[in-house]
$ cat my_file_34.cif   # mmCIF, N, CA and C atoms
data_query
#
loop_
_atom_site.label_atom_id
_atom_site.label_comp_id
_atom_site.auth_asym_id
_atom_site.auth_seq_id
_atom_site.Cartn_x
_atom_site.Cartn_y
_atom_site.Cartn_z
N MET O 1 -29.90 87.31 121.12
CA MET O 1 -31.31 87.14 120.81
C MET O 1 -31.63 85.66 120.82
N GLY O 2 -32.69 85.26 121.50
CA GLY O 2 -33.07 83.86 121.54
C GLY O 2 -34.56 83.72 121.36
N GLN O 3 -34.96 82.50 121.08
CA GLN O 3 -36.39 82.26 120.93
C GLN O 3 -37.03 82.12 122.31
N VAL O 4 -38.19 82.74 122.46
CA VAL O 4 -38.93 82.67 123.71
C VAL O 4 -40.17 81.82 123.46
N GLU O 5 -40.51 80.96 124.42
CA GLU O 5 -41.66 80.07 124.26
C GLU O 5 -42.50 80.06 125.53
N ALA O 6 -43.81 80.11 125.34
CA ALA O 6 -44.77 80.01 126.45
C ALA O 6 -45.79 78.94 126.09
N THR O 7 -45.99 77.98 126.99
CA THR O 7 -46.95 76.90 126.73
C THR O 7 -47.88 76.74 127.93
N THR O 8 -49.14 76.54 127.63
CA THR O 8 -50.16 76.29 128.65
C THR O 8 -51.07 75.19 128.14
N GLU O 9 -51.54 74.34 129.04
CA GLU O 9 -52.50 73.32 128.60
C GLU O 9 -53.56 73.10 129.67
N ARG O 10 -54.69 72.56 129.21
CA ARG O 10 -55.81 72.29 130.11
C ARG O 10 -56.65 71.17 129.52
N ILE O 11 -57.19 70.35 130.40
CA ILE O 11 -58.17 69.34 129.99
C ILE O 11 -59.55 70.00 130.10
N VAL O 12 -60.30 69.89 129.01
CA VAL O 12 -61.60 70.53 128.92
C VAL O 12 -62.66 69.44 128.70
N THR O 13 -63.77 69.54 129.40
CA THR O 13 -64.87 68.62 129.17
C THR O 13 -65.56 69.02 127.88
N GLY O 14 -65.59 68.12 126.93
CA GLY O 14 -66.19 68.39 125.63
C GLY O 14 -65.45 67.61 124.56
N LYS O 15 -66.17 67.27 123.49
CA LYS O 15 -65.55 66.53 122.40
C LYS O 15 -64.53 67.42 121.69
N PRO O 16 -63.41 66.83 121.24
CA PRO O 16 -62.38 67.65 120.59
C PRO O 16 -62.91 68.51 119.45
N GLU O 17 -63.83 67.98 118.65
CA GLU O 17 -64.34 68.79 117.53
C GLU O 17 -65.14 69.99 118.02
N ASP O 18 -65.86 69.85 119.14
CA ASP O 18 -66.62 70.97 119.69
C ASP O 18 -65.68 72.03 120.28
N VAL O 19 -64.64 71.56 120.97
CA VAL O 19 -63.66 72.47 121.56
C VAL O 19 -62.93 73.23 120.45
N PHE O 20 -62.51 72.50 119.42
CA PHE O 20 -61.81 73.12 118.30
C PHE O 20 -62.71 74.14 117.60
N ASP O 21 -63.97 73.76 117.36
CA ASP O 21 -64.90 74.68 116.70
C ASP O 21 -65.07 75.97 117.50
N ALA O 22 -65.12 75.86 118.83
CA ALA O 22 -65.24 77.05 119.67
C ALA O 22 -64.01 77.94 119.52
N LEU O 23 -62.83 77.35 119.54
CA LEU O 23 -61.59 78.13 119.38
C LEU O 23 -61.49 78.78 118.01
N ALA O 24 -61.95 78.05 116.98
CA ALA O 24 -61.82 78.52 115.60
C ALA O 24 -62.87 79.56 115.22
N ASP O 25 -63.87 79.76 116.08
CA ASP O 25 -64.94 80.73 115.82
C ASP O 25 -64.49 82.11 116.30
N TYR O 26 -63.81 82.82 115.42
CA TYR O 26 -63.26 84.14 115.77
C TYR O 26 -64.33 85.23 115.78
N ARG O 27 -65.49 84.97 115.18
CA ARG O 27 -66.56 85.99 115.13
C ARG O 27 -67.37 86.05 116.43
N GLU O 28 -67.83 84.88 116.90
CA GLU O 28 -68.74 84.86 118.04
C GLU O 28 -68.09 84.38 119.34
N THR O 29 -67.47 83.20 119.29
CA THR O 29 -66.99 82.58 120.52
C THR O 29 -65.69 83.19 121.03
N ARG O 30 -64.70 83.33 120.17
CA ARG O 30 -63.38 83.78 120.63
C ARG O 30 -63.44 85.10 121.39
N PRO O 31 -64.20 86.10 120.93
CA PRO O 31 -64.23 87.36 121.69
C PRO O 31 -64.72 87.17 123.14
N ARG O 32 -65.61 86.20 123.35
CA ARG O 32 -66.13 85.96 124.71
C ARG O 32 -65.08 85.30 125.60
N LEU O 33 -64.08 84.68 125.00
CA LEU O 33 -63.07 83.95 125.77
C LEU O 33 -61.91 84.83 126.22
N LEU O 34 -61.79 86.00 125.60
CA LEU O 34 -60.59 86.81 125.83
C LEU O 34 -60.61 87.51 127.19
N PRO O 35 -59.53 87.35 127.96
CA PRO O 35 -59.41 88.08 129.23
C PRO O 35 -59.23 89.58 128.97
N GLN O 36 -59.18 90.36 130.04
CA GLN O 36 -59.09 91.82 129.93
C GLN O 36 -57.79 92.28 129.31
N HIS O 37 -56.81 91.39 129.12
CA HIS O 37 -55.53 91.75 128.52
C HIS O 37 -55.66 92.05 127.02
N PHE O 38 -56.79 91.68 126.42
CA PHE O 38 -57.00 91.88 124.99
C PHE O 38 -57.92 93.08 124.77
N SER O 39 -57.59 93.89 123.76
CA SER O 39 -58.45 95.03 123.41
C SER O 39 -58.43 95.21 121.90
N GLU O 40 -59.30 96.08 121.42
CA GLU O 40 -59.40 96.42 119.99
C GLU O 40 -59.53 95.18 119.10
N TYR O 41 -60.28 94.21 119.58
CA TYR O 41 -60.49 92.95 118.85
C TYR O 41 -61.32 93.21 117.60
N GLU O 42 -60.85 92.69 116.47
CA GLU O 42 -61.58 92.91 115.21
C GLU O 42 -61.24 91.80 114.22
N VAL O 43 -62.27 91.14 113.70
CA VAL O 43 -62.08 90.18 112.61
C VAL O 43 -62.07 90.98 111.32
N ARG O 44 -60.99 90.88 110.55
CA ARG O 44 -60.86 91.65 109.32
C ARG O 44 -61.17 90.84 108.07
N GLU O 45 -60.96 89.53 108.15
CA GLU O 45 -61.30 88.63 107.04
C GLU O 45 -61.72 87.30 107.63
N GLY O 46 -62.61 86.61 106.94
CA GLY O 46 -63.02 85.27 107.38
C GLY O 46 -63.75 85.33 108.72
N GLY O 47 -63.30 84.51 109.64
CA GLY O 47 -63.91 84.48 110.96
C GLY O 47 -64.07 83.08 111.50
N ASP O 48 -63.85 82.07 110.63
CA ASP O 48 -63.97 80.69 111.08
C ASP O 48 -62.73 79.91 110.64
N GLY O 49 -61.74 79.86 111.52
CA GLY O 49 -60.55 79.07 111.28
C GLY O 49 -59.71 79.55 110.10
N GLU O 50 -59.28 78.59 109.28
CA GLU O 50 -58.40 78.83 108.12
C GLU O 50 -58.85 80.06 107.33
N GLY O 51 -57.88 80.95 107.04
CA GLY O 51 -58.18 82.12 106.23
C GLY O 51 -58.63 83.34 107.01
N THR O 52 -58.78 83.19 108.32
CA THR O 52 -59.19 84.33 109.15
C THR O 52 -58.01 85.28 109.33
N LEU O 53 -58.30 86.57 109.31
CA LEU O 53 -57.34 87.61 109.66
C LEU O 53 -57.97 88.39 110.80
N VAL O 54 -57.31 88.37 111.96
CA VAL O 54 -57.89 88.98 113.16
C VAL O 54 -56.86 89.90 113.81
N HIS O 55 -57.36 91.00 114.36
CA HIS O 55 -56.50 91.99 115.01
C HIS O 55 -56.89 92.10 116.47
N TRP O 56 -55.87 92.29 117.32
CA TRP O 56 -56.12 92.67 118.71
C TRP O 56 -54.85 93.28 119.28
N LYS O 57 -55.03 93.95 120.40
CA LYS O 57 -53.88 94.42 121.16
C LYS O 57 -53.83 93.57 122.42
N LEU O 58 -52.65 93.08 122.72
CA LEU O 58 -52.43 92.24 123.90
C LEU O 58 -51.56 93.01 124.87
N GLN O 59 -52.13 93.32 126.03
CA GLN O 59 -51.38 94.04 127.05
C GLN O 59 -50.87 93.02 128.06
N ALA O 60 -49.63 92.60 127.86
CA ALA O 60 -49.03 91.57 128.69
C ALA O 60 -48.66 92.11 130.07
N THR O 61 -48.20 93.35 130.12
CA THR O 61 -47.87 94.00 131.40
C THR O 61 -48.39 95.43 131.32
N SER O 62 -48.22 96.18 132.40
CA SER O 62 -48.71 97.56 132.39
C SER O 62 -48.01 98.40 131.33
N LYS O 63 -46.78 98.02 130.96
CA LYS O 63 -46.03 98.81 129.98
C LYS O 63 -45.92 98.14 128.62
N ARG O 64 -46.19 96.87 128.53
CA ARG O 64 -45.94 96.11 127.29
C ARG O 64 -47.26 95.80 126.58
N VAL O 65 -47.48 96.47 125.43
CA VAL O 65 -48.67 96.21 124.62
C VAL O 65 -48.19 95.76 123.25
N ARG O 66 -48.71 94.64 122.80
CA ARG O 66 -48.33 94.08 121.50
C ARG O 66 -49.52 94.26 120.55
N ASP O 67 -49.28 94.94 119.43
CA ASP O 67 -50.32 95.13 118.40
C ASP O 67 -50.23 93.95 117.45
N CYS O 68 -51.24 93.07 117.47
CA CYS O 68 -51.19 91.81 116.74
C CYS O 68 -52.15 91.81 115.55
N LEU O 69 -51.67 91.36 114.41
CA LEU O 69 -52.49 91.14 113.23
C LEU O 69 -52.19 89.71 112.79
N LEU O 70 -53.13 88.81 113.06
CA LEU O 70 -52.87 87.39 112.96
C LEU O 70 -53.55 86.73 111.78
N GLU O 71 -52.76 85.97 111.03
CA GLU O 71 -53.28 85.13 109.95
C GLU O 71 -53.47 83.73 110.53
N VAL O 72 -54.66 83.19 110.33
CA VAL O 72 -54.98 81.88 110.90
C VAL O 72 -54.91 80.80 109.83
N SER O 73 -54.25 79.69 110.18
CA SER O 73 -54.23 78.53 109.30
C SER O 73 -54.57 77.28 110.12
N GLU O 74 -54.91 76.22 109.41
CA GLU O 74 -55.20 74.93 110.03
C GLU O 74 -54.35 73.87 109.33
N PRO O 75 -53.06 73.77 109.72
CA PRO O 75 -52.16 72.86 109.01
C PRO O 75 -52.53 71.38 109.16
N THR O 76 -53.12 71.01 110.29
CA THR O 76 -53.56 69.63 110.50
C THR O 76 -54.87 69.64 111.27
N ASP O 77 -55.56 68.51 111.28
CA ASP O 77 -56.80 68.41 112.06
C ASP O 77 -56.50 68.72 113.53
N GLY O 78 -57.37 69.54 114.12
CA GLY O 78 -57.24 69.85 115.54
C GLY O 78 -56.17 70.88 115.85
N GLN O 79 -55.68 71.58 114.83
CA GLN O 79 -54.62 72.56 115.08
C GLN O 79 -54.93 73.88 114.38
N LEU O 80 -54.84 74.96 115.15
CA LEU O 80 -54.96 76.32 114.64
C LEU O 80 -53.62 77.01 114.84
N VAL O 81 -53.14 77.68 113.81
CA VAL O 81 -51.89 78.43 113.93
C VAL O 81 -52.18 79.89 113.61
N GLU O 82 -51.77 80.76 114.54
CA GLU O 82 -51.95 82.20 114.39
C GLU O 82 -50.57 82.84 114.21
N LYS O 83 -50.30 83.36 113.00
CA LYS O 83 -49.01 84.00 112.71
C LYS O 83 -49.21 85.50 112.70
N ASP O 84 -48.46 86.19 113.53
CA ASP O 84 -48.57 87.63 113.66
C ASP O 84 -47.80 88.31 112.52
N ARG O 85 -48.51 89.12 111.73
CA ARG O 85 -47.85 89.87 110.65
C ARG O 85 -46.96 90.99 111.20
N ASN O 86 -47.19 91.40 112.45
CA ASN O 86 -46.46 92.53 113.02
C ASN O 86 -45.23 92.11 113.84
N SER O 87 -44.99 90.81 113.99
CA SER O 87 -43.85 90.36 114.79
C SER O 87 -43.51 88.92 114.39
N SER O 88 -42.58 88.34 115.11
CA SER O 88 -42.19 86.95 114.85
C SER O 88 -43.07 85.96 115.62
N MET O 89 -44.07 86.45 116.37
CA MET O 89 -44.86 85.56 117.21
C MET O 89 -45.75 84.62 116.40
N VAL O 90 -45.70 83.35 116.77
CA VAL O 90 -46.56 82.32 116.21
C VAL O 90 -47.19 81.58 117.38
N THR O 91 -48.52 81.51 117.39
CA THR O 91 -49.24 80.80 118.45
C THR O 91 -49.95 79.61 117.83
N THR O 92 -49.75 78.45 118.43
CA THR O 92 -50.35 77.21 117.94
C THR O 92 -51.27 76.64 119.00
N TRP O 93 -52.52 76.42 118.60
CA TRP O 93 -53.54 75.79 119.46
C TRP O 93 -53.72 74.36 118.96
N THR O 94 -53.58 73.39 119.85
CA THR O 94 -53.74 72.00 119.47
C THR O 94 -54.78 71.36 120.39
N VAL O 95 -55.79 70.74 119.77
CA VAL O 95 -56.86 70.08 120.53
C VAL O 95 -56.81 68.59 120.19
N THR O 96 -56.66 67.75 121.21
CA THR O 96 -56.61 66.31 121.03
C THR O 96 -57.53 65.63 122.03
N PRO O 97 -57.97 64.39 121.74
CA PRO O 97 -58.80 63.66 122.70
C PRO O 97 -58.04 63.40 124.00
N ALA O 98 -58.79 63.42 125.11
CA ALA O 98 -58.19 63.15 126.43
C ALA O 98 -59.13 62.26 127.24
N GLY O 99 -59.62 61.20 126.59
CA GLY O 99 -60.56 60.33 127.27
C GLY O 99 -61.98 60.64 126.84
N GLU O 100 -62.91 59.87 127.30
CA GLU O 100 -64.31 59.99 126.92
C GLU O 100 -64.87 61.39 127.21
N GLY O 101 -65.27 62.09 126.14
CA GLY O 101 -65.92 63.40 126.29
C GLY O 101 -65.01 64.49 126.83
N ARG O 102 -63.71 64.29 126.70
CA ARG O 102 -62.76 65.29 127.20
C ARG O 102 -61.72 65.58 126.13
N SER O 103 -61.14 66.78 126.22
CA SER O 103 -60.14 67.22 125.25
C SER O 103 -58.97 67.86 125.97
N ARG O 104 -57.79 67.68 125.41
CA ARG O 104 -56.60 68.38 125.89
C ARG O 104 -56.37 69.54 124.92
N VAL O 105 -56.27 70.74 125.47
CA VAL O 105 -55.98 71.92 124.67
C VAL O 105 -54.60 72.42 125.09
N VAL O 106 -53.70 72.51 124.12
CA VAL O 106 -52.35 73.02 124.37
C VAL O 106 -52.17 74.26 123.50
N VAL O 107 -51.73 75.34 124.12
CA VAL O 107 -51.45 76.58 123.38
C VAL O 107 -49.98 76.93 123.62
N THR O 108 -49.27 77.14 122.52
CA THR O 108 -47.85 77.47 122.58
C THR O 108 -47.59 78.69 121.71
N SER O 109 -46.93 79.68 122.30
CA SER O 109 -46.50 80.86 121.54
C SER O 109 -44.98 80.88 121.54
N VAL O 110 -44.40 81.16 120.37
CA VAL O 110 -42.96 81.32 120.25
C VAL O 110 -42.69 82.63 119.50
N TRP O 111 -41.61 83.28 119.87
CA TRP O 111 -41.21 84.50 119.18
C TRP O 111 -39.72 84.73 119.42
N ASN O 112 -39.14 85.58 118.59
CA ASN O 112 -37.74 85.94 118.74
C ASN O 112 -37.63 87.03 119.80
N GLY O 113 -36.93 86.71 120.87
CA GLY O 113 -36.81 87.64 121.99
C GLY O 113 -35.72 88.67 121.75
N ALA O 114 -35.72 89.66 122.59
CA ALA O 114 -34.72 90.72 122.53
C ALA O 114 -33.37 90.19 123.00
N GLY O 115 -32.33 90.93 122.71
CA GLY O 115 -31.00 90.57 123.19
C GLY O 115 -30.70 91.30 124.49
N GLY O 116 -29.53 91.03 125.04
CA GLY O 116 -29.05 91.75 126.22
C GLY O 116 -29.88 91.49 127.47
N ILE O 117 -29.81 92.45 128.39
CA ILE O 117 -30.49 92.31 129.68
C ILE O 117 -32.01 92.29 129.50
N GLY O 118 -32.52 93.10 128.53
CA GLY O 118 -33.96 93.08 128.26
C GLY O 118 -34.42 91.71 127.81
N GLY O 119 -33.60 91.07 126.98
CA GLY O 119 -33.92 89.72 126.52
C GLY O 119 -33.91 88.71 127.65
N PHE O 120 -32.98 88.88 128.59
CA PHE O 120 -32.95 87.99 129.75
C PHE O 120 -34.26 88.08 130.52
N PHE O 121 -34.71 89.31 130.80
CA PHE O 121 -35.96 89.49 131.54
C PHE O 121 -37.15 88.97 130.73
N GLU O 122 -37.13 89.20 129.41
CA GLU O 122 -38.21 88.71 128.56
C GLU O 122 -38.28 87.19 128.62
N ARG O 123 -37.14 86.50 128.47
CA ARG O 123 -37.12 85.03 128.50
C ARG O 123 -37.51 84.50 129.88
N THR O 124 -37.22 85.28 130.92
CA THR O 124 -37.50 84.84 132.28
C THR O 124 -38.97 85.05 132.65
N PHE O 125 -39.53 86.22 132.32
CA PHE O 125 -40.85 86.57 132.83
C PHE O 125 -41.99 86.48 131.81
N ALA O 126 -41.71 86.74 130.55
CA ALA O 126 -42.79 86.76 129.55
C ALA O 126 -43.52 85.42 129.45
N PRO O 127 -42.82 84.28 129.43
CA PRO O 127 -43.56 83.01 129.33
C PRO O 127 -44.54 82.80 130.49
N LYS O 128 -44.15 83.18 131.71
CA LYS O 128 -45.04 83.02 132.85
C LYS O 128 -46.26 83.92 132.74
N GLY O 129 -46.02 85.17 132.32
CA GLY O 129 -47.13 86.11 132.18
C GLY O 129 -48.09 85.69 131.09
N LEU O 130 -47.55 85.26 129.95
CA LEU O 130 -48.41 84.82 128.85
C LEU O 130 -49.15 83.54 129.23
N ALA O 131 -48.48 82.65 129.97
CA ALA O 131 -49.14 81.42 130.42
C ALA O 131 -50.34 81.74 131.31
N ARG O 132 -50.21 82.74 132.17
CA ARG O 132 -51.35 83.13 133.03
C ARG O 132 -52.52 83.66 132.19
N ILE O 133 -52.19 84.45 131.17
CA ILE O 133 -53.24 84.99 130.29
C ILE O 133 -53.94 83.86 129.56
N TYR O 134 -53.16 82.92 129.00
CA TYR O 134 -53.76 81.80 128.27
C TYR O 134 -54.52 80.87 129.21
N ASP O 135 -54.05 80.72 130.44
CA ASP O 135 -54.78 79.88 131.39
C ASP O 135 -56.17 80.45 131.66
N GLU O 136 -56.24 81.77 131.76
CA GLU O 136 -57.54 82.43 131.95
C GLU O 136 -58.43 82.21 130.73
N LEU O 137 -57.85 82.31 129.55
CA LEU O 137 -58.61 82.08 128.31
C LEU O 137 -59.11 80.62 128.26
N LEU O 138 -58.26 79.68 128.62
CA LEU O 138 -58.65 78.26 128.60
C LEU O 138 -59.73 77.96 129.64
N GLU O 139 -59.69 78.66 130.75
CA GLU O 139 -60.74 78.51 131.76
C GLU O 139 -62.09 78.96 131.19
N LYS O 140 -62.07 80.08 130.48
CA LYS O 140 -63.30 80.58 129.84
C LYS O 140 -63.75 79.64 128.73
N LEU O 141 -62.79 79.06 127.99
CA LEU O 141 -63.12 78.09 126.95
C LEU O 141 -63.83 76.88 127.56
N ALA O 142 -63.31 76.37 128.67
CA ALA O 142 -63.91 75.22 129.34
C ALA O 142 -65.36 75.53 129.74
N ALA O 143 -65.59 76.72 130.29
CA ALA O 143 -66.95 77.12 130.69
C ALA O 143 -67.85 77.27 129.47
N GLU O 144 -67.33 77.84 128.39
CA GLU O 144 -68.09 78.06 127.16
C GLU O 144 -68.53 76.72 126.55
N VAL O 145 -67.60 75.78 126.45
CA VAL O 145 -67.90 74.48 125.84
C VAL O 145 -68.88 73.72 126.73
N ALA O 146 -68.72 73.81 128.05
CA ALA O 146 -69.65 73.15 128.97
C ALA O 146 -71.06 73.74 128.81
N ALA O 147 -71.15 75.06 128.65
CA ALA O 147 -72.45 75.72 128.48
C ALA O 147 -73.09 75.32 127.17
N GLN O 148 -72.30 75.21 126.10
CA GLN O 148 -72.83 74.79 124.79
C GLN O 148 -73.30 73.34 124.84
N GLY O 149 -72.57 72.53 125.59
CA GLY O 149 -72.92 71.10 125.70
C GLY O 149 -74.20 70.87 126.46
N SER O 150 -74.57 71.82 127.33
CA SER O 150 -75.79 71.65 128.14
C SER O 150 -77.01 72.25 127.46
N GLU O 151 -76.81 72.87 126.28
CA GLU O 151 -77.95 73.49 125.57
C GLU O 151 -78.78 72.44 124.87
#
$ encode --input "my_file_34.cif" --output "structure tokens"
Amino acid sequence: MGQVEATTERIVTGKPEDVFDALADYRETRPRLLPQHFSEYEVREGGDGEGTLVHWKLQATSKRVRDCLLEVSEPTDGQLVEKDRNSSMVTTWTVTPAGEGRSRVVVTSVWNGAGGIGGFFERTFAPKGLARIYDELLEKLAAEVAAQGSE
């Protein structure tokens, strides 16, 4: 059994605080950012960053569906951490300045992978698949922040 990690990043046009606020808004903005891999999205507590409890199902492949119940914390400025109560998965979103009016968004998920041959395939393919899903989400985030900035 080993730890599996998937990381994706993107430069987004928008001030870091605006980008972070969009990511931390689990009630209105976050549902609009989710690709088709997410279903049964529901905010159960809170809805704005720290203290939020949110549920969704993540369908990473045609056969692999993860039922996620995530507790959200903000350990430092510009950072959201989503800890899954149903598994070892922890996803960290970090937003930092990337030049005038731009932000770097890095999303990293880590979890304890399976052992044996299944674990080998998980460590080999899961990070790439999750990275594609997060890249799609970050693309939608970039469009969302750009649209908010033009209002």
$ residues_near_point --input "my_file_34.cif" --point "(-48.4, 74.9, 119.9)" --cutoff "7 Å" --atoms "all atoms listed in the file" --output "list of chain:residue names"
O:Thr91, O:Thr92, O:Trp93, O:Thr94, O:Val106, O:Val107, O:Thr108, O:Ser109
$ resolve_selection --input "my_file_34.cif" --expression "the PyMOL selection byres ((chain O and resi 89) around 6.5)" --output "PyMOL selection string"
chain O and resi 82-84+86-88+90-91+109-112
$ select_by_dssp --input "my_file_34.cif" --residues "chain O" --states "helix (DSSP H, G or I)" --output "PyMOL selection string"
chain O and resi 16-24+29-33+116-149
$ select_by_dssp --input "my_file_34.cif" --residues "stretch 5-149 of chain O" --states "strand (DSSP E)" --output "PyMOL selection string"
chain O and resi 5-13+38-45+53-59+65-73+79-84+90-97+102-112
$ resolve_selection --input "my_file_34.cif" --expression "the PyMOL selection byres ((chain O and resi 132-143) around 6)" --output "PyMOL selection string"
chain O and resi 12-13+33-35+127-131+144-148
$ write_last_selection --input "my_file_34.cif" --atoms "N, CA and C atoms" --output "mmCIF file, keeping the file's coordinate frame"
data_model
loop_
_atom_site.group_PDB
_atom_site.id
_atom_site.type_symbol
_atom_site.label_atom_id
_atom_site.label_comp_id
_atom_site.auth_asym_id
_atom_site.auth_seq_id
_atom_site.Cartn_x
_atom_site.Cartn_y
_atom_site.Cartn_z
ATOM 1 N N VAL O 12 -60.300 69.890 129.010
ATOM 2 C CA VAL O 12 -61.600 70.530 128.920
ATOM 3 C C VAL O 12 -62.660 69.440 128.700
ATOM 4 N N THR O 13 -63.770 69.540 129.400
ATOM 5 C CA THR O 13 -64.870 68.620 129.170
ATOM 6 C C THR O 13 -65.560 69.020 127.880
ATOM 7 N N LEU O 33 -64.080 84.680 125.000
ATOM 8 C CA LEU O 33 -63.070 83.950 125.770
ATOM 9 C C LEU O 33 -61.910 84.830 126.220
ATOM 10 N N LEU O 34 -61.790 86.000 125.600
ATOM 11 C CA LEU O 34 -60.590 86.810 125.830
ATOM 12 C C LEU O 34 -60.610 87.510 127.190
ATOM 13 N N PRO O 35 -59.530 87.350 127.960
ATOM 14 C CA PRO O 35 -59.410 88.080 129.230
ATOM 15 C C PRO O 35 -59.230 89.580 128.970
ATOM 16 N N PRO O 127 -42.820 84.280 129.430
ATOM 17 C CA PRO O 127 -43.560 83.010 129.330
ATOM 18 C C PRO O 127 -44.540 82.800 130.490
ATOM 19 N N LYS O 128 -44.150 83.180 131.710
ATOM 20 C CA LYS O 128 -45.040 83.020 132.850
ATOM 21 C C LYS O 128 -46.260 83.920 132.740
ATOM 22 N N GLY O 129 -46.020 85.170 132.320
ATOM 23 C CA GLY O 129 -47.130 86.110 132.180
ATOM 24 C C GLY O 129 -48.090 85.690 131.090
ATOM 25 N N LEU O 130 -47.550 85.260 129.950
ATOM 26 C CA LEU O 130 -48.410 84.820 128.850
ATOM 27 C C LEU O 130 -49.150 83.540 129.230
ATOM 28 N N ALA O 131 -48.480 82.650 129.970
ATOM 29 C CA ALA O 131 -49.140 81.420 130.420
ATOM 30 C C ALA O 131 -50.340 81.740 131.310
ATOM 31 N N GLU O 144 -67.330 77.840 128.390
ATOM 32 C CA GLU O 144 -68.090 78.060 127.160
ATOM 33 C C GLU O 144 -68.530 76.720 126.550
ATOM 34 N N VAL O 145 -67.600 75.780 126.450
ATOM 35 C CA VAL O 145 -67.900 74.480 125.840
ATOM 36 C C VAL O 145 -68.880 73.720 126.730
ATOM 37 N N ALA O 146 -68.720 73.810 128.050
ATOM 38 C CA ALA O 146 -69.650 73.150 128.970
ATOM 39 C C ALA O 146 -71.060 73.740 128.810
ATOM 40 N N ALA O 147 -71.150 75.060 128.650
ATOM 41 C CA ALA O 147 -72.450 75.720 128.480
ATOM 42 C C ALA O 147 -73.090 75.320 127.170
ATOM 43 N N GLN O 148 -72.300 75.210 126.100
ATOM 44 C CA GLN O 148 -72.830 74.790 124.790
ATOM 45 C C GLN O 148 -73.300 73.340 124.840
#
$ atom_distance --input "my_file_34.cif" --atom1 "atom CA of O:Ser62" --atom2 "atom N of O:Glu40"
15.3 Å
$ axis_aligned_box --input "my_file_34.cif" --around "stretch 25-37 of chain O" --padding-each-side "4 Å" --output "AutoDock Vina command-line options"
--center_x -62.1 --center_y 86.0 --center_z 122.6 --size_x 21.2 --size_y 20.5 --size_z 22.9
$ atom_distance --input "my_file_34.cif" --atom1 "atom CA of O:Arg66" --atom2 "atom CA of O:Val43"
16.8 Å
$ resolve_selection --input "my_file_34.cif" --expression "the PyMOL selection byres ((chain O and resi 113) around 5)" --output "list in words"
Met1, Gly2, Gln3, Val4, Trp111, Asn112, Ala114 and Gly115 of chain O
$ atom_distance --input "my_file_34.cif" --atom1 "atom CA of O:Gln59" --atom2 "atom N of O:His37"
6.4 Å
$ residues_near_point --input "my_file_34.cif" --point "(-54.8, 70.5, 128.8)" --cutoff "7 Å" --atoms "only C-alpha atoms" --output "PDB file with N, CA and C atoms, in the coordinates of the input"
ATOM      1  N   GLU O   9     -51.540  74.340 129.040  1.00  0.00           N
ATOM      2  CA  GLU O   9     -52.500  73.320 128.600  1.00  0.00           C
ATOM      3  C   GLU O   9     -53.560  73.100 129.670  1.00  0.00           C
ATOM      4  N   ARG O  10     -54.690  72.560 129.210  1.00  0.00           N
ATOM      5  CA  ARG O  10     -55.810  72.290 130.110  1.00  0.00           C
ATOM      6  C   ARG O  10     -56.650  71.170 129.520  1.00  0.00           C
ATOM      7  N   ILE O  11     -57.190  70.350 130.400  1.00  0.00           N
ATOM      8  CA  ILE O  11     -58.170  69.340 129.990  1.00  0.00           C
ATOM      9  C   ILE O  11     -59.550  70.000 130.100  1.00  0.00           C
ATOM     10  N   VAL O  12     -60.300  69.890 129.010  1.00  0.00           N
ATOM     11  CA  VAL O  12     -61.600  70.530 128.920  1.00  0.00           C
ATOM     12  C   VAL O  12     -62.660  69.440 128.700  1.00  0.00           C
ATOM     13  N   ARG O 104     -57.790  67.680 125.410  1.00  0.00           N
ATOM     14  CA  ARG O 104     -56.600  68.380 125.890  1.00  0.00           C
ATOM     15  C   ARG O 104     -56.370  69.540 124.920  1.00  0.00           C
ATOM     16  N   VAL O 105     -56.270  70.740 125.470  1.00  0.00           N
ATOM     17  CA  VAL O 105     -55.980  71.920 124.670  1.00  0.00           C
ATOM     18  C   VAL O 105     -54.600  72.420 125.090  1.00  0.00           C
ATOM     19  N   VAL O 106     -53.700  72.510 124.120  1.00  0.00           N
ATOM     20  CA  VAL O 106     -52.350  73.020 124.370  1.00  0.00           C
ATOM     21  C   VAL O 106     -52.170  74.260 123.500  1.00  0.00           C
TER      22      VAL O 106
END
$ closest_residue --input "my_file_34.cif" --among "O:Gln36, O:Lys15, O:Thr61, O:Leu23" --to "O:Asp48" --atoms "all atoms listed in the file"
O:Leu23
$ closest_residue --input "my_file_34.cif" --among "O:Cys68, O:Val19, O:Val81, O:Val95" --to "O:Gly49" --atoms "only C-alpha atoms"
O:Val81
$ closest_residue --input "my_file_34.cif" --among "O:Pro97, O:Gly149, O:Gly116, O:Gly47" --to "O:Glu71" --atoms "only C-alpha atoms"
O:Gly47
$ closest_residue --input "my_file_34.cif" --among "O:Glu50, O:Glu42, O:Asp18, O:Glu100" --to "O:Val72" --atoms "all atoms listed in the file"
O:Glu50
$ closest_residue --input "my_file_34.cif" --among "O:Asp25, O:Ala126, O:Thr76, O:Ser39" --to "O:Lys57" --atoms "only N, CA and C atoms"
O:Ser39
